[in-house]
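Asker: Next comes the structure file target_29.txt, holding compact mmCIF, C-alpha atoms and all ligand atoms.
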```
# COMPACT_ATOMS: atom_id res chain seq x y z
CA MET Z 1 220.24 43.06 -18.39
CA ALA Z 2 221.71 39.57 -18.43
CA ASP Z 3 225.51 39.28 -18.39
CA LEU Z 4 226.79 39.10 -21.98
CA TYR Z 5 229.39 36.46 -21.13
CA ASP Z 6 226.71 34.24 -19.54
CA LEU Z 7 224.59 34.60 -22.64
CA HIS Z 8 227.55 33.63 -24.76
CA ALA Z 9 228.24 30.56 -22.59
CA ARG Z 10 224.58 29.53 -23.07
CA LEU Z 11 224.86 29.96 -26.84
CA VAL Z 12 228.01 27.80 -26.89
CA ALA Z 13 226.31 25.12 -24.76
CA ARG Z 14 223.56 24.83 -27.39
CA LEU Z 15 225.98 23.91 -30.17
CA ASP Z 16 225.82 20.34 -31.39
CA THR Z 17 229.48 19.89 -32.31
CA THR Z 18 232.90 18.66 -31.19
CA GLU Z 19 234.58 19.76 -27.96
CA ALA Z 20 237.36 21.49 -29.93
CA ILE Z 21 234.89 23.58 -31.94
CA ARG Z 22 232.86 24.41 -28.84
CA ALA Z 23 236.05 25.56 -27.07
CA ALA Z 24 236.96 27.77 -30.04
CA PHE Z 25 233.49 29.38 -29.97
CA ALA Z 26 233.89 29.90 -26.21
CA ASP Z 27 237.03 31.98 -26.87
CA HIS Z 28 235.10 34.58 -28.88
CA PRO Z 29 231.93 36.13 -27.41
CA ARG Z 30 229.63 37.05 -30.28
CA HIS Z 31 228.91 40.58 -29.00
CA ARG Z 32 232.54 41.55 -29.64
CA TYR Z 33 232.05 41.03 -33.39
CA VAL Z 34 228.48 42.08 -34.20
CA PRO Z 35 228.38 45.82 -35.04
CA ASP Z 36 226.18 48.30 -33.17
CA LEU Z 37 223.80 48.65 -36.11
CA ILE Z 38 221.85 45.48 -36.95
CA TRP Z 39 218.72 44.64 -38.97
CA PRO Z 40 216.45 42.48 -36.77
CA ASP Z 41 213.46 42.20 -39.13
CA ALA Z 42 213.61 40.70 -42.60
CA ASN Z 43 213.50 43.66 -44.99
CA GLY Z 44 212.62 45.95 -42.04
CA LEU Z 45 214.27 48.90 -40.34
CA PRO Z 46 217.68 48.84 -38.62
CA LEU Z 47 218.25 48.88 -34.86
CA ARG Z 48 221.06 50.80 -33.18
CA ARG Z 49 222.47 49.28 -29.99
CA THR Z 50 222.28 52.55 -28.07
CA ALA Z 51 218.59 52.99 -29.02
CA ASP Z 52 217.50 49.66 -27.50
CA PRO Z 53 220.40 47.80 -25.84
CA GLU Z 54 218.20 44.96 -24.56
CA ARG Z 55 216.77 44.18 -27.97
CA TRP Z 56 220.25 44.36 -29.52
CA VAL Z 57 221.54 41.83 -26.98
CA SER Z 58 218.56 39.52 -27.49
CA CYS Z 59 219.24 39.51 -31.24
CA VAL Z 60 222.97 38.92 -30.81
CA TYR Z 61 222.42 36.04 -28.39
CA ALA Z 62 219.51 34.41 -30.18
CA PHE Z 63 220.54 31.07 -31.67
CA ALA Z 64 220.03 32.57 -35.11
CA PRO Z 65 221.73 34.65 -37.78
CA VAL Z 66 221.99 38.43 -37.29
CA THR Z 67 221.78 40.72 -40.31
CA THR Z 68 224.50 43.34 -40.03
CA GLN Z 69 224.18 45.19 -43.33
CA ALA Z 70 221.47 45.80 -45.94
CA ASN Z 71 221.63 46.92 -49.58
CA ASP Z 72 225.44 46.62 -49.73
CA GLY Z 73 225.59 49.50 -47.25
CA GLY Z 74 223.35 51.78 -49.33
CA SER Z 75 219.67 52.60 -49.16
CA GLY Z 76 216.76 51.18 -51.12
CA PRO Z 77 213.00 50.76 -51.10
CA VAL Z 78 213.40 47.31 -49.56
CA ASN Z 79 216.17 46.52 -47.10
CA THR Z 80 217.81 43.45 -48.58
CA PRO Z 81 220.35 41.78 -46.27
CA SER Z 82 223.89 41.92 -47.67
CA SER Z 83 226.06 40.93 -44.69
CA SER Z 84 225.42 39.00 -41.51
CA SER Z 85 226.72 36.94 -38.65
CA SER Z 86 225.67 33.43 -39.71
CA HIS Z 87 223.66 30.96 -37.63
CA PRO Z 88 226.08 29.56 -35.00
CA GLN Z 89 225.08 25.94 -35.69
CA VAL Z 90 225.65 26.40 -39.43
CA MET Z 91 229.10 27.87 -38.70
CA ALA Z 92 229.97 24.93 -36.42
CA ASP Z 93 228.78 22.39 -39.01
CA MET Z 94 230.80 24.02 -41.78
CA ILE Z 95 233.96 24.18 -39.68
CA ARG Z 96 233.48 20.53 -38.77
CA ALA Z 97 232.95 19.56 -42.41
CA ALA Z 98 236.22 21.33 -43.31
CA ARG Z 99 238.00 19.35 -40.54
CA VAL Z 100 239.93 22.43 -39.46
CA GLY Z 101 242.60 21.67 -36.87
CA PRO Z 102 245.89 22.89 -35.39
CA GLY Z 103 248.44 24.05 -37.95
CA ASP Z 104 245.96 24.42 -40.85
CA ARG Z 105 246.12 27.41 -43.19
CA VAL Z 106 242.50 28.33 -43.78
CA LEU Z 107 241.07 30.72 -46.34
CA GLU Z 108 237.62 32.14 -45.57
CA ILE Z 109 235.63 33.85 -48.32
CA GLY Z 110 233.25 36.40 -46.76
CA THR Z 111 234.66 37.87 -43.52
CA GLY Z 112 231.40 39.58 -42.50
CA THR Z 113 231.60 40.40 -38.79
CA GLY Z 114 234.84 38.46 -38.35
CA TRP Z 115 233.31 36.07 -35.79
CA ASN Z 116 233.82 32.91 -37.86
CA ALA Z 117 237.39 33.92 -38.72
CA ALA Z 118 238.13 34.48 -35.02
CA ILE Z 119 236.81 31.02 -34.16
CA LEU Z 120 238.91 29.51 -36.96
CA SER Z 121 242.00 31.27 -35.56
CA SER Z 122 241.52 29.51 -32.21
CA LEU Z 123 241.17 26.16 -33.96
CA VAL Z 124 244.27 26.49 -36.14
CA GLY Z 125 246.34 27.78 -33.20
CA PRO Z 126 249.73 29.50 -33.33
CA THR Z 127 251.14 27.15 -35.99
CA GLY Z 128 248.28 27.73 -38.44
CA SER Z 129 246.87 30.81 -40.15
CA VAL Z 130 243.55 32.31 -41.19
CA THR Z 131 243.15 34.62 -44.17
CA SER Z 132 239.71 36.08 -44.76
CA VAL Z 133 238.54 37.93 -47.86
CA GLU Z 134 235.68 40.45 -47.76
CA ILE Z 135 234.34 42.25 -50.82
CA ASP Z 136 232.68 45.12 -48.94
CA PRO Z 137 235.18 47.83 -47.83
CA ASP Z 138 233.20 48.96 -44.75
CA VAL Z 139 232.50 45.41 -43.61
CA ALA Z 140 236.18 44.51 -44.10
CA ALA Z 141 237.29 47.55 -42.08
CA HIS Z 142 234.94 46.69 -39.20
CA ALA Z 143 236.12 43.07 -39.12
CA ARG Z 144 239.79 44.07 -39.29
CA GLY Z 145 239.32 46.19 -36.18
CA ARG Z 146 237.57 43.41 -34.27
CA LEU Z 147 240.10 40.78 -35.32
CA ASP Z 148 243.16 42.78 -34.31
CA ALA Z 149 244.22 40.47 -31.50
CA THR Z 150 243.58 37.20 -33.34
CA GLY Z 151 246.26 37.20 -36.02
CA VAL Z 152 243.63 36.83 -38.79
CA ARG Z 153 244.64 38.51 -42.07
CA VAL Z 154 241.63 40.38 -43.49
CA VAL Z 155 241.90 41.23 -47.16
CA HIS Z 156 239.47 43.56 -48.87
CA GLY Z 157 238.39 42.35 -52.32
CA ALA Z 158 237.22 39.23 -54.07
CA GLU Z 159 240.55 37.87 -55.33
CA ILE Z 160 242.32 35.07 -53.55
CA PRO Z 161 245.31 36.55 -51.73
CA GLU Z 162 248.72 34.99 -52.31
CA GLY Z 163 249.63 32.30 -49.82
CA GLY Z 164 249.30 28.57 -49.39
CA TYR Z 165 246.02 27.17 -48.07
CA ASP Z 166 244.92 23.77 -46.77
CA ALA Z 167 241.17 24.45 -46.72
CA ILE Z 168 238.60 26.95 -47.97
CA ILE Z 169 235.38 27.85 -46.20
CA ALA Z 170 233.04 30.16 -48.12
CA THR Z 171 230.39 31.97 -46.11
CA CYS Z 172 228.66 33.39 -49.16
CA ALA Z 173 226.86 31.12 -51.62
CA VAL Z 174 228.12 30.47 -55.13
CA SER Z 175 226.46 29.03 -58.17
CA ARG Z 176 229.82 28.48 -59.90
CA VAL Z 177 232.79 27.40 -57.79
CA PRO Z 178 235.66 29.52 -59.20
CA GLU Z 179 238.51 27.61 -60.82
CA GLU Z 180 240.85 29.84 -58.80
CA TRP Z 181 239.55 28.34 -55.55
CA ILE Z 182 240.25 24.79 -56.71
CA GLU Z 183 243.73 25.81 -57.85
CA SER Z 184 244.51 27.43 -54.48
CA VAL Z 185 244.44 24.22 -52.44
CA PRO Z 186 246.12 20.83 -52.87
CA VAL Z 187 244.42 17.68 -54.15
CA GLY Z 188 242.24 16.22 -51.38
CA ALA Z 189 241.77 19.57 -49.63
CA PRO Z 190 238.28 20.60 -48.51
CA ILE Z 191 236.26 23.43 -50.01
CA VAL Z 192 233.15 23.90 -47.88
CA VAL Z 193 230.70 26.06 -49.74
CA PRO Z 194 227.00 26.94 -49.82
CA TRP Z 195 225.78 26.21 -53.35
CA ALA Z 196 222.71 26.99 -55.40
CA PRO Z 197 222.19 26.71 -59.15
CA SER Z 198 221.80 30.51 -59.36
CA SER Z 199 221.64 33.56 -57.10
CA GLU Z 200 217.86 33.59 -57.64
CA HIS Z 201 217.57 30.44 -55.51
CA GLU Z 202 216.75 31.03 -51.82
CA SER Z 203 218.06 27.74 -50.54
CA THR Z 204 221.86 27.34 -50.55
CA PRO Z 205 222.75 23.92 -49.09
CA VAL Z 206 226.34 23.52 -47.92
CA ALA Z 207 228.56 21.09 -49.86
CA ALA Z 208 231.83 19.72 -48.51
CA LEU Z 209 233.87 19.31 -51.68
CA ARG Z 210 237.28 17.71 -51.99
CA VAL Z 211 239.65 18.75 -54.74
CA ARG Z 212 240.50 16.03 -57.25
CA ASP Z 213 243.65 15.71 -59.34
CA ASP Z 214 241.85 16.53 -62.61
CA GLY Z 215 240.92 20.05 -61.46
CA SER Z 216 237.38 19.14 -60.44
CA ALA Z 217 235.94 18.92 -56.92
CA CYS Z 218 233.28 16.66 -55.52
CA GLY Z 219 231.55 15.98 -52.23
CA ALA Z 220 228.33 15.47 -50.32
CA PHE Z 221 225.96 18.12 -49.08
CA VAL Z 222 226.28 18.39 -45.30
CA ARG Z 223 223.31 20.53 -44.36
CA ASP Z 224 220.67 22.89 -45.62
CA ALA Z 225 221.27 26.64 -45.28
CA VAL Z 226 220.27 30.04 -46.62
CA PHE Z 227 223.35 32.17 -47.34
CA MET Z 228 223.81 35.50 -49.04
CA HIS Z 229 225.08 35.04 -52.54
CA ASP Z 230 228.57 35.89 -53.74
CA ARG Z 231 228.29 39.49 -54.93
CA THR Z 232 230.35 38.78 -58.05
CA GLN Z 233 227.88 36.08 -59.16
CA ARG Z 234 224.62 37.91 -58.64
CA VAL Z 235 222.11 37.81 -61.47
CA SER Z 236 219.34 40.38 -61.35
CA GLU Z 237 216.30 38.73 -59.89
CA SER Z 238 213.62 38.14 -62.50
CA PRO Z 239 210.06 38.79 -61.33
CA PHE Z 240 208.22 35.60 -60.43
CA PRO Z 241 206.44 34.60 -63.66
CA GLY Z 242 203.20 33.46 -61.99
CA ILE Z 243 202.30 36.82 -60.49
CA GLY Z 244 199.14 38.07 -62.14
CA ALA Z 245 199.11 35.25 -64.72
CA GLU Z 246 195.96 33.27 -65.54
CA PRO Z 247 196.53 29.56 -64.78
CA GLU Z 248 196.64 27.38 -67.88
CA TYR Z 249 196.05 24.20 -65.92
CA GLU Z 250 194.93 22.88 -62.54
CA ARG Z 251 196.15 19.46 -61.40
CA CYS Z 252 196.53 17.60 -58.12
CA LEU Z 253 199.77 16.62 -56.37
CA PRO Z 254 199.74 13.85 -53.73
CA ALA Z 255 201.27 16.40 -51.30
CA THR Z 256 200.17 19.75 -49.92
CA SER Z 257 202.35 22.86 -49.86
CA ASP Z 258 202.71 22.46 -46.08
CA ALA Z 259 203.85 18.84 -46.49
CA LEU Z 260 206.57 19.90 -48.96
CA VAL Z 261 207.83 22.64 -46.66
CA ASP Z 262 207.48 20.81 -43.34
CA ALA Z 263 209.21 17.69 -44.64
CA ARG Z 264 212.03 19.98 -45.88
CA LEU Z 265 211.76 18.53 -49.36
CA LEU Z 266 212.23 21.74 -51.33
CA THR Z 267 216.03 21.78 -51.34
CA ARG Z 268 216.18 18.18 -52.56
CA LEU Z 269 213.57 18.92 -55.20
CA MET Z 270 215.62 21.96 -56.29
CA LEU Z 271 218.64 19.69 -56.77
CA MET Z 272 216.50 17.25 -58.81
CA LEU Z 273 214.89 19.90 -61.01
CA PRO Z 274 217.60 21.80 -62.93
CA GLY Z 275 216.48 25.21 -64.10
CA VAL Z 276 213.57 25.37 -61.65
CA ARG Z 277 213.58 27.94 -58.85
CA PRO Z 278 211.42 26.91 -55.88
CA GLY Z 279 210.31 29.24 -53.11
CA VAL Z 280 207.74 29.61 -50.38
CA GLY Z 281 205.19 32.40 -50.10
CA ALA Z 282 201.74 33.23 -48.77
CA ARG Z 283 198.52 33.76 -50.72
CA PRO Z 284 194.83 34.14 -49.83
CA PHE Z 285 193.35 30.65 -49.69
CA GLU Z 286 189.81 29.65 -48.68
CA GLY Z 287 189.20 32.83 -46.70
CA ASP Z 288 192.57 32.64 -44.95
CA ILE Z 289 196.22 33.13 -45.82
CA GLY Z 290 197.80 29.86 -46.96
CA ARG Z 291 201.39 28.81 -47.46
CA ILE Z 292 202.16 28.17 -51.11
CA VAL Z 293 205.17 26.67 -52.83
CA HIS Z 294 206.00 28.45 -56.05
CA LEU Z 295 208.19 27.21 -58.88
CA GLY Z 296 209.50 29.37 -61.71
CA THR Z 297 211.86 29.06 -64.66
CA ALA Z 298 213.83 31.51 -66.78
CA ASP Z 299 211.45 30.91 -69.72
CA ALA Z 300 208.54 32.13 -67.55
CA SER Z 301 206.99 28.74 -66.83
CA TRP Z 302 205.47 28.69 -63.37
CA ALA Z 303 203.47 26.63 -60.89
CA TYR Z 304 201.88 27.19 -57.49
CA VAL Z 305 201.33 24.31 -55.04
CA TRP Z 306 198.37 25.23 -52.82
CA PRO Z 307 197.61 24.14 -49.24
CA ASP Z 308 195.23 21.41 -50.51
CA GLY Z 309 197.73 19.94 -53.01
CA THR Z 310 196.17 21.62 -56.04
CA VAL Z 311 198.76 22.82 -58.54
CA THR Z 312 198.00 25.71 -60.87
CA GLY Z 313 200.47 26.85 -63.47
CA GLY Z 314 201.35 27.79 -67.00
CA GLY Z 315 204.12 28.26 -69.54
CA GLU Z 316 206.12 26.05 -71.89
CA ARG Z 317 207.54 23.69 -69.29
CA ASP Z 318 205.25 21.19 -67.62
CA LEU Z 319 206.36 22.07 -64.09
CA PHE Z 320 203.51 20.08 -62.57
CA GLY Z 321 204.69 16.94 -64.40
CA GLU Z 322 208.33 17.53 -63.44
CA LEU Z 323 207.50 18.22 -59.79
CA ALA Z 324 205.16 15.24 -59.52
CA ALA Z 325 207.78 12.90 -61.04
CA ALA Z 326 210.56 14.19 -58.77
CA TYR Z 327 208.32 13.98 -55.70
CA GLU Z 328 207.29 10.42 -56.57
CA ALA Z 329 210.88 9.31 -57.24
CA LEU Z 330 212.08 10.84 -53.95
CA THR Z 331 209.24 9.22 -52.01
CA GLU Z 332 209.70 5.82 -53.68
CA ALA Z 333 213.40 5.92 -52.79
CA GLY Z 334 212.45 6.43 -49.10
CA ARG Z 335 213.16 10.16 -49.16
CA PRO Z 336 216.95 9.98 -48.83
CA PRO Z 337 218.24 12.90 -46.77
CA LEU Z 338 220.05 15.88 -48.27
CA GLU Z 339 223.31 14.29 -47.10
CA ALA Z 340 222.77 11.49 -49.65
CA PHE Z 341 223.10 14.04 -52.45
CA SER Z 342 226.50 15.13 -53.73
CA LEU Z 343 227.81 17.90 -55.95
CA GLU Z 344 230.52 17.60 -58.58
CA VAL Z 345 231.98 20.75 -60.13
CA ASP Z 346 234.51 21.09 -62.90
CA PRO Z 347 234.82 24.81 -63.68
CA LYS Z 348 237.12 24.20 -66.71
CA ASN Z 349 234.41 22.21 -68.45
CA GLY Z 350 231.40 24.01 -67.00
CA VAL Z 351 230.20 20.89 -65.15
CA ARG Z 352 227.81 21.24 -62.21
CA ARG Z 353 226.40 17.80 -61.53
CA VAL Z 354 224.25 16.62 -58.64
CA ARG Z 355 224.02 12.93 -57.87
CA ALA Z 356 222.02 10.79 -55.44
CA PRO Z 357 222.68 7.02 -55.48
CA ASP Z 358 219.69 4.98 -56.75
CA LEU Z 359 217.84 8.18 -57.55
CA GLY Z 360 219.55 10.00 -60.36
CA VAL Z 361 222.12 12.40 -61.78
CA TRP Z 362 221.14 15.95 -62.71
CA GLU Z 363 223.16 18.36 -64.84
CA HIS Z 364 222.70 22.01 -63.80
CA ARG Z 365 223.60 24.36 -66.67
C1 LIG Z 401 227.05 35.66 -44.36
S1 LIG Z 401 228.19 36.96 -44.47
C2 LIG Z 401 229.64 36.28 -43.74
C3 LIG Z 401 229.56 35.87 -42.28
C4 LIG Z 401 230.91 35.89 -41.62
N1 LIG Z 401 231.74 34.78 -41.98
C5 LIG Z 401 230.81 36.07 -40.13
O1 LIG Z 401 231.37 35.29 -39.36
O2 LIG Z 401 230.20 37.06 -39.71
C6 LIG Z 401 228.66 36.92 -46.19
C7 LIG Z 401 229.72 37.94 -46.51
O3 LIG Z 401 230.27 37.61 -47.79
C8 LIG Z 401 230.66 38.82 -48.39
N2 LIG Z 401 230.89 38.53 -49.82
C9 LIG Z 401 229.96 38.38 -50.80
N3 LIG Z 401 230.57 38.08 -51.96
C10 LIG Z 401 231.91 38.04 -51.71
C11 LIG Z 401 233.06 37.75 -52.51
N4 LIG Z 401 232.97 37.45 -53.81
N5 LIG Z 401 234.29 37.79 -51.92
C12 LIG Z 401 234.41 38.11 -50.61
N6 LIG Z 401 233.35 38.38 -49.81
C13 LIG Z 401 232.13 38.33 -50.34
C14 LIG Z 401 229.52 39.76 -48.07
O4 LIG Z 401 229.88 41.10 -48.23
C15 LIG Z 401 229.20 39.36 -46.62
O5 LIG Z 401 229.88 40.18 -45.72
```
Write the structure described by the file as structure tokens, please.
Answerer:
Amino acid sequence: MADLYDLHARLVARLDTTEAIRAAFADHPRHRYVPDLIWPDANGLPLRRTADPERWVSCVYAFAPVTTQANDGGSGPVNTPSSSSSHPQVMADMIRAARVGPGDRVLEIGTGTGWNAAILSSLVGPTGSVTSVEIDPDVAAHARGRLDATGVRVVHGAEIPEGGYDAIIATCAVSRVPEEWIESVPVGAPIVVPWAPSSEHESTPVAALRVRDDGSACGAFVRDAVFMHDRTQRVSESPFPGIGAEPEYERCLPATSDALVDARLLTRLMLMLPGVRPGVGARPFEGDIGRIVHLGTADASWAYVWPDGTVTGGGERDLFGELAAAYEALTEAGRPPLEAFSLEVDPKNGVRRVRAPDLGVWEHR
């Protein structure tokens, strides 16, 4: 078996980031943080390190996330990931967006394995501090053990522990940035957080917000991501409205489902279509299995975009019309990247506003 420290050095070499962040990753080999039991296959069975050490190592040192808990630690008919070690590049990008440096007092929401907190502790150095909050008692206990030598304070729960902070990095996605977070850091401080309009949304792009003096926070999206949602903000997933429904219309979009997915347009379209939940699935199509984009709303409107650009759908809301208009506007504007979009949140007044210059402003309710 390959040497674990060599594998870690290779993982670190792949990071596209600053020298300081790369050095902090180098201090903390990933295998010291990932637990022995992992979940290599989406919704599949777990793998114990002792049962197949080589496979465990290949998962830990893949340049990818590693699921480390399913079903909040319980059992269920489907194994739904509930804790993980995030994708290393996503971690590096979030740390960079938070501009963490020596002397900073950082609050992490979502300790998970403890790996990110360990890396943060190297970056803040002896004059800074890292506090990390984890809602799951078993996950918190594991991380506390692994973080023993780093000086990271692991707190079990979902409340913000007392203490002063200069930056917040959340490694679980929220739909509503809590007022408490904004109040915990000074004006101008970063809150780097994966955001989606609801926990039913798969895509959770990361926003780098800055706190403003009126109690709101605002900032650009820095990258796309798929994070687990904050457990305190979960809404029970409603079944996709299109399943089994007879289409009420069939129209044609100037884009195929593959084009929407491959051009990574879905997250931007999600930001431009408040109340619409996009996702990607597979359906029988012309004797094969085709990739489809599905859109759904809380009032049971739905649409499927098929591999030939046909759109079938139904319900009160004209999702074809909304999707076609958003797609056309995005294309006419030269398809500005996700980084051109920004998020403004004002928890006191219930504001969640997305903006893209020359393209529009969208209120998410
Ligand atoms: C993607 S994992 C965190 C990855 C972690 N930072 C690491 O380096 O391994 C997300 C974690 O957030 C935790 N979590 C979810 N909601 C939370 C909340 N409201 N407060 C604290 N932790 C939460 C989950 O239990 C899970 O362990």
Asker: Neighbouring residues of Ile119 of chain Z were defined as those with any atom within 7 Å, considering only C-alpha atoms; residues of the same chain fewer than 4 positions away were excluded. Please report them as an MDAnalysis selection string.
Answerer: chainID Z and resid 24:25 28 115 123
Asker: From the set Z:Arg176, Z:Arg223, Z:His31, Z:Arg335, which residue has the shortest atom-to-atom contact distance to Leu265 of chain Z, counting only C-alpha atoms?
Answerer: Z:Arg335
Asker: Can you tell me which residues come within 8 Å of ligand LIG 401 (chain Z) when counting all atoms listed in the file, ideally as a VMD selection string?
Answerer: chain Z and resid 33 to 34 69 72 82 to 86 91 108 to 117 133 to 136 139 to 140 156 to 159 170 to 173 227 to 233
Asker: How about saving the chosen residues, C-alpha atoms kept, as a short mmCIF file (atom, residue, chain, number, x, y, z; two decimals), keeping the file's coordinate frame?
Answerer:
```cif
data_model
loop_
_atom_site.label_atom_id
_atom_site.label_comp_id
_atom_site.auth_asym_id
_atom_site.auth_seq_id
_atom_site.Cartn_x
_atom_site.Cartn_y
_atom_site.Cartn_z
CA TYR Z 33 232.05 41.03 -33.39
CA VAL Z 34 228.48 42.08 -34.20
CA GLN Z 69 224.18 45.19 -43.33
CA ASP Z 72 225.44 46.62 -49.73
CA SER Z 82 223.89 41.92 -47.67
CA SER Z 83 226.06 40.93 -44.69
CA SER Z 84 225.42 39.00 -41.51
CA SER Z 85 226.72 36.94 -38.65
CA SER Z 86 225.67 33.43 -39.71
CA MET Z 91 229.10 27.87 -38.70
CA GLU Z 108 237.62 32.14 -45.57
CA ILE Z 109 235.63 33.85 -48.32
CA GLY Z 110 233.25 36.40 -46.76
CA THR Z 111 234.66 37.87 -43.52
CA GLY Z 112 231.40 39.58 -42.50
CA THR Z 113 231.60 40.40 -38.79
CA GLY Z 114 234.84 38.46 -38.35
CA TRP Z 115 233.31 36.07 -35.79
CA ASN Z 116 233.82 32.91 -37.86
CA ALA Z 117 237.39 33.92 -38.72
CA VAL Z 133 238.54 37.93 -47.86
CA GLU Z 134 235.68 40.45 -47.76
CA ILE Z 135 234.34 42.25 -50.82
CA ASP Z 136 232.68 45.12 -48.94
CA VAL Z 139 232.50 45.41 -43.61
CA ALA Z 140 236.18 44.51 -44.10
CA HIS Z 156 239.47 43.56 -48.87
CA GLY Z 157 238.39 42.35 -52.32
CA ALA Z 158 237.22 39.23 -54.07
CA GLU Z 159 240.55 37.87 -55.33
CA ALA Z 170 233.04 30.16 -48.12
CA THR Z 171 230.39 31.97 -46.11
CA CYS Z 172 228.66 33.39 -49.16
CA ALA Z 173 226.86 31.12 -51.62
CA PHE Z 227 223.35 32.17 -47.34
CA MET Z 228 223.81 35.50 -49.04
CA HIS Z 229 225.08 35.04 -52.54
CA ASP Z 230 228.57 35.89 -53.74
CA ARG Z 231 228.29 39.49 -54.93
CA THR Z 232 230.35 38.78 -58.05
CA GLN Z 233 227.88 36.08 -59.16
#
```
Asker: Rounded to one decimal in Å, what is the spacing between atom CA of Leu253 of chain Z and atom CA of Val280 of chain Z?
Answerer: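 Atom CA of Leu253 of chain Z sits 16.4 Å away from atom CA of Val280 of chain Z.
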Asker: Using Å and a single decimal, report how far atom CA of Met270 of chain Z sits from atom CA of Glu200 of chain Z.
Answerer: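 So the two atoms, atom CA of Glu200 of chain Z and atom CA of Met270 of chain Z, lie 11.9 Å apart.
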Asker: What is the distance between atom CA of Pro347 of chain Z and atom CA of Ser216 of chain Z, in Å to one decimal?
Answerer: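 Between atom CA of Pro347 of chain Z and atom CA of Ser216 of chain Z the gap is 7.0 Å.
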Asker: Name the residues, using the chain letters and numbers of the file, that sit within 10 Å of (227.1, 38.4, -29.3) when counting only C-alpha atoms, and give them as a count of residues only.
Answerer: 23
Asker: So that I can see what lies close to Ile38 of chain Z, please list as a list of chain:residue names the residues with an atom at most 6 Å from it, counting only C-alpha atoms and leaving out residues fewer than 4 positions away in the same chain.
Answerer: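 Near Ile38 of chain Z, the qualifying residues are Z:Pro46, Z:Leu47, Z:Thr67, Z:Thr68.
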Asker: List every residue of segment 191-307 of chain Z that has an atom at most 10 Å from any atom of segment 355-364 of chain Z, and for each one report the closest atom pair and its distance in Å to one decimal, counting all atoms listed in the file, with rows sorted by chain and then by increasing residue number, as JSON lines.
Answerer:
```
{"residue": "Z:Ala196", "atom": "CA", "partner": "Z:His364", "partner_atom": "CA", "distance": 9.8}
{"residue": "Z:Pro197", "atom": "CA", "partner": "Z:His364", "partner_atom": "CA", "distance": 6.6}
{"residue": "Z:Ser198", "atom": "CA", "partner": "Z:His364", "partner_atom": "CA", "distance": 9.6}
{"residue": "Z:Gly219", "atom": "CA", "partner": "Z:Arg355", "partner_atom": "CA", "distance": 9.9}
{"residue": "Z:Ala220", "atom": "CA", "partner": "Z:Arg355", "partner_atom": "CA", "distance": 9.1}
{"residue": "Z:Arg268", "atom": "CA", "partner": "Z:Ala356", "partner_atom": "CA", "distance": 9.8}
{"residue": "Z:Leu271", "atom": "CA", "partner": "Z:Trp362", "partner_atom": "CA", "distance": 7.5}
{"residue": "Z:Met272", "atom": "CA", "partner": "Z:Trp362", "partner_atom": "CA", "distance": 6.2}
{"residue": "Z:Leu273", "atom": "CA", "partner": "Z:Trp362", "partner_atom": "CA", "distance": 7.6}
{"residue": "Z:Pro274", "atom": "CA", "partner": "Z:His364", "partner_atom": "CA", "distance": 5.2}
{"residue": "Z:Gly275", "atom": "CA", "partner": "Z:His364", "partner_atom": "CA", "distance": 7.0}
{"residue": "Z:Val276", "atom": "CA", "partner": "Z:His364", "partner_atom": "CA", "distance": 10.0}
```
Asker: Save out the residues we just selected, C-alpha atoms, as a tab-separated table (two decimals), keeping the file's coordinate frame.
Answerer:
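Dumped everything to result-v6.tsv:
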```tsv
chain	number	residue	atom	x	y	z
Z	196	ALA	CA	222.71	26.99	-55.40
Z	197	PRO	CA	222.19	26.71	-59.15
Z	198	SER	CA	221.80	30.51	-59.36
Z	219	GLY	CA	231.55	15.98	-52.23
Z	220	ALA	CA	228.33	15.47	-50.32
Z	268	ARG	CA	216.18	18.18	-52.56
Z	271	LEU	CA	218.64	19.69	-56.77
Z	272	MET	CA	216.50	17.25	-58.81
Z	273	LEU	CA	214.89	19.90	-61.01
Z	274	PRO	CA	217.60	21.80	-62.93
Z	275	GLY	CA	216.48	25.21	-64.10
Z	276	VAL	CA	213.57	25.37	-61.65
```
Asker: Between Z:Pro205, Z:Gly103, Z:Gly163, Z:Gly145, which one has atoms that come closest to Leu343 of chain Z, using all atoms listed in the file?
Answerer: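 Between Z:Pro205, Z:Gly103, Z:Gly163, Z:Gly145, the residue approaching Leu343 of chain Z most closely is Z:Pro205.
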Asker: Taking all atoms listed in the file into account, name the residue in Z:Val100, Z:Val206, Z:Cys218, Z:Val351 that is nearest to Ala167 of chain Z.
Answerer: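 Under the stated criterion, the closest residue is Z:Val100.
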Asker: Pick from Z:Gly244, Z:Gly151, Z:Gly314, Z:Gly309: nearest to Gly128 of chain Z, with only C-alpha atoms counted?
Answerer: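 The answer is Z:Gly151, which sits nearest to Gly128 of chain Z.
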Asker: Leaving out His87 of chain Z and any residue of its chain fewer than 2 positions from it, which residues lie within 7 Å of it when counting only C-alpha atoms, given as a ChimeraX atom specification?
Answerer: /Z:63-65,85,89-91
Asker: Which one of Z:Gly313, Z:Pro336, Z:Gly279, Z:Pro178 sits closest to Pro247 of chain Z if you count all atoms listed in the file?
Answerer: Z:Gly313
Asker: Measuring atom to atom with all atoms listed in the file, identify which of Z:Arg277, Z:Leu338, Z:Ala143, Z:Val311 is nearest to Ala225 of chain Z.
Answerer: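 Going through Z:Arg277, Z:Leu338, Z:Ala143, Z:Val311 one by one, the smallest distance to Ala225 of chain Z is for Z:Leu338.
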Asker: List the spatial neighbours of segment 288-294 of chain Z as number ranges by chain - criterion: any atom at most 6 Å away, all atoms listed in the file, same-chain residues fewer than 4 positions off excluded.
Answerer: Z: 257, 278-284, 303-306
